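As structure tokens, the structure follows; a few thoughts come after it.
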Amino acid sequence: MKKTALLTVALVILGAAPTVARAQAEGSAFAVKAQPIVLHAARLFEVVPGRIVSPGEVLVEGDRIKAAGTSVPHPAGARVIDLGDRTLMPGLIDAHVHLFLHPAPPSEGMQTVDESAPQRTIQATLAAKADLMAGFTAERDMGTEGAGPADAAVRDAIDRGLIPGPRLRISGMAISILGGHEDAVGFNPAQHVLGNADYANDIEQLVETIREQHKEGSSFVKIYETGHDEMVPHGSAPCLGDPICAQLGIGEQAGDPEFWDFHTPYQYTEAQLRAAVAEAARLDTNVGVHCQGEPAARFAVEAGVASIDHATQLSAGTMELMKEKHIPAVPTFVVFQYFADHAPNAAAAAREHAMLQYKIHEFQRQVAAGIPMAVGSDVGPFPHGTQAEELELMVRYGMTPLAVLQADYLNDPRILTWQNEVGRLKAGYYADVVAVPGNPLKDITAVEHVQFVMKGGVVYKGAGSAAGD
Ligand SMILES: [Zn+2]
């Protein structure tokens, strides 16, 4: 019996399901008329009212949800998958991943120099599978970090049903300034070591780079808006001494001296970011920024980016604007914690822990201010498939489980420009469904134990054993 169940799952993953998915993706005239599926479980999470109903059912036809609630029609011939004492939820969403990075503590190490793009692409396919099996059915890949536009090939293979993975928004390489974040600074110049980003130093170069990346298959724009981050001696207030900060009134608005224990330089001016946002909008997409602090965060928010990623330091004025414009912060706690826990020596550990403590302190200020949040883990430097811990950490540091789940399901889809398509168990949405044990509103760690995964109506995990056959 066990063998049969395993075989069923294997077939679903490796054979029959991708064929259906591929036929659907290509709109083939020979597309198999997919058998309707009814998912049944003890509970179902309704995202917008923020409640658990019991029992829960989802009717799936093709790649979409047809109905969801406590009971749904059971069409003749439908396959019923009984998931027992579990909670049905929309597929999890990660707004900040790096499929092309793998753990190499204490940081990303030298993988982008040591490993070829083809080698890294193969690893990216394994990462995509690990993320999907952990319940992440939609992701925004925030840069290949040196592997050029190879992410387009991974996304396309997933969309065609050739390999398992989340539905993806991809950026190709991130964009950065010469000598800036993720450039190969400090190597023997004669070796011409390549940086991990595409260079753009002014508005013309930004627009040209965005067009080049678009041509190569990118679906949004990733910009490094801050450079090197550091904790600085208490009270040294580097931004307060910066005329730009004074001009923006950032110093006055963030009166807490502890706010200035952290410093990071901006890379693009507000005008430059505005030009990038305008070009992205012309292409019907948006800009996501690596942005650790001020005054860069103010520039990015004024320019109208989709999200502020990392968001370690945000002034009160910037937070007001984020609320007004509904621009979420993406805290990425897990990566900070991983670096703190895997530092190479005591001094580095102390530095990383101080950074994490500062980040927690600022996050609590941000939660109190009521800014919108989104969920993104920065997975890649730590193992793919483990990033649901991000939701646990957001709860540990100050949000309720419901607020974190709503951030994931309501704000992430906007950032990924998949609003009205993912993040809800609702008629018309993609049939991206997971099942977890327990009640995630009572214990958020339930999301770290996803036992059933469906994406686009195709079951990738759990139906065989969960159906009790
Ligand atoms: Zn990142």
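Just so we're on the same page: first chain in the structure tokens is A, next is B, and so on; residues restart at 1 for each chain, and ligands are numbered from 1 in the order they show up.
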
Exercise for review: Please identify the residues whose atoms come within 8 Å of ligand 1, using only C-alpha atoms and all ligand atoms, and report them as a PyMOL selection string.
Suggested key: chain A and resi 96-98+142-143+290+378-379

Practice item. Check range 245-463 of chain A with DSSP on the backbone and list each residue it calls strand (DSSP E), as a VMD selection string. Key: chain A and resid 262 to 263 287 to 291 307 to 310 329 to 330 433 to 437 452 to 455 458 to 461

So that I have them on file, write out the residues from the current selection with C-alpha atoms, as a short mmCIF file (atom, residue, chain, number, x, y, z; two decimals), in the first residue's frame.
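The file below, out-v7.cif, is the result:
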data_model
loop_
_atom_site.label_atom_id
_atom_site.label_comp_id
_atom_site.auth_asym_id
_atom_site.auth_seq_id
_atom_site.Cartn_x
_atom_site.Cartn_y
_atom_site.Cartn_z
CA PHE A 262 23.14 52.04 11.85
CA HIS A 263 24.43 53.52 8.63
CA VAL A 287 10.77 48.03 -9.17
CA GLY A 288 11.86 46.21 -6.01
CA VAL A 289 14.76 47.60 -4.02
CA HIS A 290 17.37 46.23 -1.68
CA CYS A 291 17.12 49.12 0.76
CA SER A 307 8.44 47.36 -1.81
CA ILE A 308 11.29 48.27 0.52
CA ASP A 309 13.26 45.08 1.05
CA HIS A 310 15.24 44.51 4.28
CA ALA A 329 8.40 46.67 3.98
CA VAL A 330 9.84 43.17 3.50
CA VAL A 433 -3.43 25.30 -2.31
CA VAL A 434 -1.50 23.87 0.62
CA ALA A 435 -2.57 21.96 3.71
CA VAL A 436 -0.92 22.22 7.12
CA PRO A 437 -1.50 20.42 10.41
CA PHE A 452 0.07 18.90 0.75
CA VAL A 453 0.96 21.13 -2.20
CA MET A 454 -1.11 21.89 -5.28
CA LYS A 455 -0.04 24.49 -7.84
CA VAL A 458 -1.51 19.95 -10.19
CA VAL A 459 -0.71 18.00 -7.02
CA TYR A 460 3.00 18.00 -6.22
CA LYS A 461 2.97 16.69 -2.68
#

Review point. Any idea what the distance is between CA of Met133 in chain A and CA of Pro90 in chain A?
Key: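 Separation between CA of Met133 in chain A and CA of Pro90 in chain A: 13.9 Å.
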
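Restricting the calculation to only C-alpha atoms, the smallest distance between Ala42 in chain A and any of A:Gly84, A:Gly304, A:Pro166, A:Gly77 is found for A:Gly84.
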
Review point. Between CA of Ile122 in chain A and CA of Ser218 in chain A, what is the distance, to one decimal in Å?
Key: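 Between CA of Ile122 in chain A and CA of Ser218 in chain A the gap is 18.9 Å.
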
Please report, as JSON lines, each residue of range 229-339 of chain A lying at most 12 Å from range 388-405 of chain A, together with the nearest pair of atoms and the separation in Å rounded to one decimal; use only C-alpha atoms, and order rows by chain and ascending residue number.
{"residue": "A:Ala329", "atom": "CA", "partner": "A:Met394", "partner_atom": "CA", "distance": 11.9}
{"residue": "A:Val330", "atom": "CA", "partner": "A:Met394", "partner_atom": "CA", "distance": 10.2}
{"residue": "A:Pro331", "atom": "CA", "partner": "A:Met394", "partner_atom": "CA", "distance": 8.1}
{"residue": "A:Thr332", "atom": "CA", "partner": "A:Glu390", "partner_atom": "CA", "distance": 6.9}
{"residue": "A:Phe333", "atom": "CA", "partner": "A:Glu390", "partner_atom": "CA", "distance": 6.2}
{"residue": "A:Val334", "atom": "CA", "partner": "A:Glu390", "partner_atom": "CA", "distance": 5.6}
{"residue": "A:Val335", "atom": "CA", "partner": "A:Glu390", "partner_atom": "CA", "distance": 8.9}
{"residue": "A:Phe336", "atom": "CA", "partner": "A:Glu390", "partner_atom": "CA", "distance": 10.6}
{"residue": "A:Gln337", "atom": "CA", "partner": "A:Leu393", "partner_atom": "CA", "distance": 9.4}
{"residue": "A:Tyr338", "atom": "CA", "partner": "A:Glu389", "partner_atom": "CA", "distance": 11.0}

Exercise for review: Find the residues near Pro265 in chain A: any atom within 7 Å, counting only C-alpha atoms, skip ones fewer than 2 places away on the same chain, and give them as an MDAnalysis selection string.
Suggested key: chainID A and resid 226:228 263 267

Can you spit out the residues from that selection as an mmCIF file, in the first residue's frame, using C-alpha atoms?
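Output saved as part16.cif:
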data_model
loop_
_atom_site.group_PDB
_atom_site.id
_atom_site.type_symbol
_atom_site.label_atom_id
_atom_site.label_comp_id
_atom_site.auth_asym_id
_atom_site.auth_seq_id
_atom_site.Cartn_x
_atom_site.Cartn_y
_atom_site.Cartn_z
ATOM 1 C CA THR A 226 21.858 50.911 -0.546
ATOM 2 C CA GLY A 227 25.464 49.789 -0.267
ATOM 3 C CA HIS A 228 27.544 48.531 2.624
ATOM 4 C CA HIS A 263 24.433 53.524 8.630
ATOM 5 C CA GLN A 267 23.206 54.431 -4.369
#

Practice item. Using CA of Val305 in chain A and CA of Thr209 in chain A as the two end points, give the distance in Å to one decimal. Key: 17.1 Å

Check your understanding: Which of these, A:Gln406, A:Gly165, A:Gly317, A:Gln205, has the shortest distance to Leu178 in chain A once you count only C-alpha atoms?
Key -> A:Gln205
